[in-house]
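Worksheet: the structure to be examined is printed underneath.
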Amino acid sequence: MINIQTLSNQLGIEIADPATKGRFEIHTPTAVSPTQVETAELSFPVEKAVEVRTSTVTLPKNRGLFVRTSGGEFVFESAEKDRKHLPDDEYILEMGGVSVKLYISISSSITVRRRSNGINLGLDGQRNVVIGARSQHQTAPGTITVTDDAEDVMRALSFFGSSLKTTSPERAFSTLRGSPPLIQHGDEFHVPSNIERPSTGVKLVLPRNASSSIRQPHWPTISGQR
């Protein structure tokens with residue numbers, strides 16, 4: 001699960017992904033206190049989202065920055081020019097080339113300045129900025145231990161959906177699907193704390209004694225000439 005916390009000097013936040021050991025910093029000119037918000041605040045699937053109030057956002061890596069309106073219309077990509085002013089609107093910014101998938105929601109005019117040591121986003125005064133992230137892990141996030149009990153195996157299978165970053169149709173994109181957890185045999189059932197079962201409402205129900213529900217198929221008799 002993605003972790004988002006204040007930097008030690010409070011001038012920004014750190015986003016860490018325990019699954020990949022990746023981390024990314026976002027800097028601000030003054031101290032911020034991130035407040036966790038619903039992930040639905042962003043138009044793209046994220047695992048965790050926070051809100052901070054600031055007049056400037058600095059991304060300390062000069063990687064691809066893609067800007068869209070809240071409706072999904074593409075408006076700007078940072079490689080196009082070193083400076084760009086975007087009029088007052090609601091924007092979703094996507095940061096590429098970093099260890100986590102990062103999205104930023106801003107309602108403001110924005111002046112984007114691309115420099116050798118990063119990208120600076122100047123806002124129209126103090127604004128609420130929502131920052132969300134999801135893991136890009138392609139390896140198993142952990143190992144579930146099961147016993148010889150068949151129900152333990154069934155419980156373990158129910159955690160395989162934890163690899164999905166979303167249960168919407170967008171899960172068809174490979175970046176929204178990670179690797180499911182591994183399974184090993186042990187003395188007792190155990191699931192690591194970072195592996196969470198998705199709440200989808202979908203259930204797979206099997207009879208406890210499968211042989212009692214098996215019936216021989218009935219094939220109809222067809223009469224007539226060959």
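Identifiers in the structure tokens: chain A, B, ... in order shown; residue index from 1 per chain; ligand index from 1 in order shown.
Every protein, DNA or RNA residue with an atom at most 8 Å from segment 40-50 of chain A, where only C-alpha atoms count and chain neighbours fewer than 5 positions away do not, is listed here: Met1, Ile2, Asn3, Ile4, Pro34, Thr35, Ser70, Ile92, Tyr103, Ile104, Ser105, Val130, Ile131, Gly132, Ala133, Arg134, Ser135, Lys165 and Thr166 of chain A.
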If you run DSSP on the backbone, which residues of segment 64-215 of chain A are strand (DSSP E), as number ranges by chain? A: 65-69, 74-77, 83-95, 100-115, 118-135, 143-146, 182-185
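Our summary of the geometry notes that atom CA of Glu80 of chain A is positioned 13.1 Å from atom CA of Ile119 of chain A.
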List the spatial neighbours of Asp187 of chain A as a ChimeraX atom specification - criterion: any atom at most 9 Å away, only C-alpha atoms, same-chain residues fewer than 3 positions off excluded. /A:145-148
Once you have the residues from the selection above, write them out as a short mmCIF file (atom, residue, chain, number, x, y, z; two decimals), in the first residue's frame, restricted to all heavy atoms.
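Resulting contents of selection21.cif:
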data_model
loop_
_atom_site.label_atom_id
_atom_site.label_comp_id
_atom_site.auth_asym_id
_atom_site.auth_seq_id
_atom_site.Cartn_x
_atom_site.Cartn_y
_atom_site.Cartn_z
N THR A 145 0.54 -17.38 3.68
CA THR A 145 0.80 -18.73 4.20
C THR A 145 -0.52 -19.46 4.41
O THR A 145 -1.46 -18.92 4.99
CB THR A 145 1.55 -18.65 5.54
OG1 THR A 145 2.77 -17.91 5.36
CG2 THR A 145 1.89 -20.04 6.05
N VAL A 146 -0.58 -20.70 3.92
CA VAL A 146 -1.78 -21.52 4.06
C VAL A 146 -1.41 -22.87 4.67
O VAL A 146 -0.26 -23.32 4.57
CB VAL A 146 -2.49 -21.75 2.70
CG1 VAL A 146 -2.90 -20.44 2.08
CG2 VAL A 146 -1.59 -22.52 1.74
N THR A 147 -2.37 -23.51 5.31
CA THR A 147 -2.18 -24.86 5.86
C THR A 147 -2.75 -25.88 4.88
O THR A 147 -3.07 -25.55 3.73
CB THR A 147 -2.89 -24.98 7.22
OG1 THR A 147 -4.31 -24.89 7.01
CG2 THR A 147 -2.45 -23.87 8.17
N ASP A 148 -2.93 -27.12 5.33
CA ASP A 148 -3.52 -28.15 4.48
C ASP A 148 -5.03 -28.00 4.34
O ASP A 148 -5.66 -28.71 3.55
CB ASP A 148 -3.21 -29.54 5.06
CG ASP A 148 -1.73 -29.88 4.95
OD1 ASP A 148 -1.09 -29.39 4.01
OD2 ASP A 148 -1.23 -30.63 5.82
#
Using DSSP on the backbone, list every residue of segment 17-200 of chain A that comes out as alpha helix (DSSP H), and give them as number ranges by chain. A: 150-157
One number please: atom CA of Pro192 of chain A to atom CA of Ile13 of chain A, in Å, one decimal. 25.9 Å
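Of the listed residues A:Val32, A:Leu102, A:Val202, A:Ile195, the one whose atoms come nearest to Ala156 of chain A is A:Ile195, with distances taken using only C-alpha atoms.
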Within 12 Å of Ile144 of chain A using only C-alpha atoms, minus same-chain residues under 4 positions, as a compact mmCIF listing (two decimals) with C-alpha atoms, in the first residue's frame:
# COMPACT_ATOMS: atom_id res chain seq x y z
CA ALA A 140 4.32 -10.16 -5.93
CA ASP A 152 -7.26 -21.64 3.79
CA VAL A 153 -6.49 -22.01 0.10
CA MET A 154 -9.89 -20.51 -0.77
CA ARG A 155 -9.24 -17.57 1.57
CA ALA A 156 -5.84 -17.02 -0.03
CA LEU A 157 -7.37 -16.98 -3.52
CA SER A 158 -9.77 -14.26 -2.42
CA PHE A 159 -6.75 -11.95 -1.96
CA PHE A 160 -5.53 -12.35 -5.54
CA PRO A 180 -0.95 -11.37 -7.25
CA PRO A 181 0.62 -12.51 -3.96
CA LEU A 182 2.53 -15.76 -3.70
CA ILE A 183 1.32 -18.73 -1.62
CA GLN A 184 3.41 -20.94 0.64
CA HIS A 185 2.63 -23.83 3.01
CA GLY A 186 2.94 -23.30 6.76
CA ASP A 187 1.56 -24.12 10.19
CA GLU A 188 -1.09 -21.38 10.24
CA PHE A 189 -2.91 -19.05 7.87
CA HIS A 190 -1.27 -15.63 7.54
CA VAL A 191 -1.72 -12.64 5.24
CA PRO A 192 0.83 -9.76 5.29
CA SER A 193 -0.69 -6.43 6.38
CA ASN A 194 0.10 -4.76 3.02
CA ILE A 195 -2.13 -7.21 1.10
CA GLU A 196 -5.78 -6.14 1.16
Determine, using only C-alpha atoms, which residues of segment 57-144 of chain A have any atom at most 6 Å from an atom of segment 16-31 of chain A, and tabulate each with its shortest atom pair and distance in Å to one decimal place, rows ordered by chain and then rising number, as a Markdown table.
| residue | atom | partner | partner_atom | distance |
| --- | --- | --- | --- | --- |
| A:Val57 | CA | A:Thr28 | CA | 5.4 |
| A:Thr58 | CA | A:His27 | CA | 5.0 |
| A:Leu59 | CA | A:Ile26 | CA | 5.3 |
| A:Ser99 | CA | A:Gly22 | CA | 5.3 |
| A:His137 | CA | A:Thr20 | CA | 5.8 |
| A:Pro141 | CA | A:Ala19 | CA | 5.4 |
For atom CA of Arg83 of chain A and atom CA of Phe66 of chain A, the interatomic separation in Å (one decimal): 13.7 Å
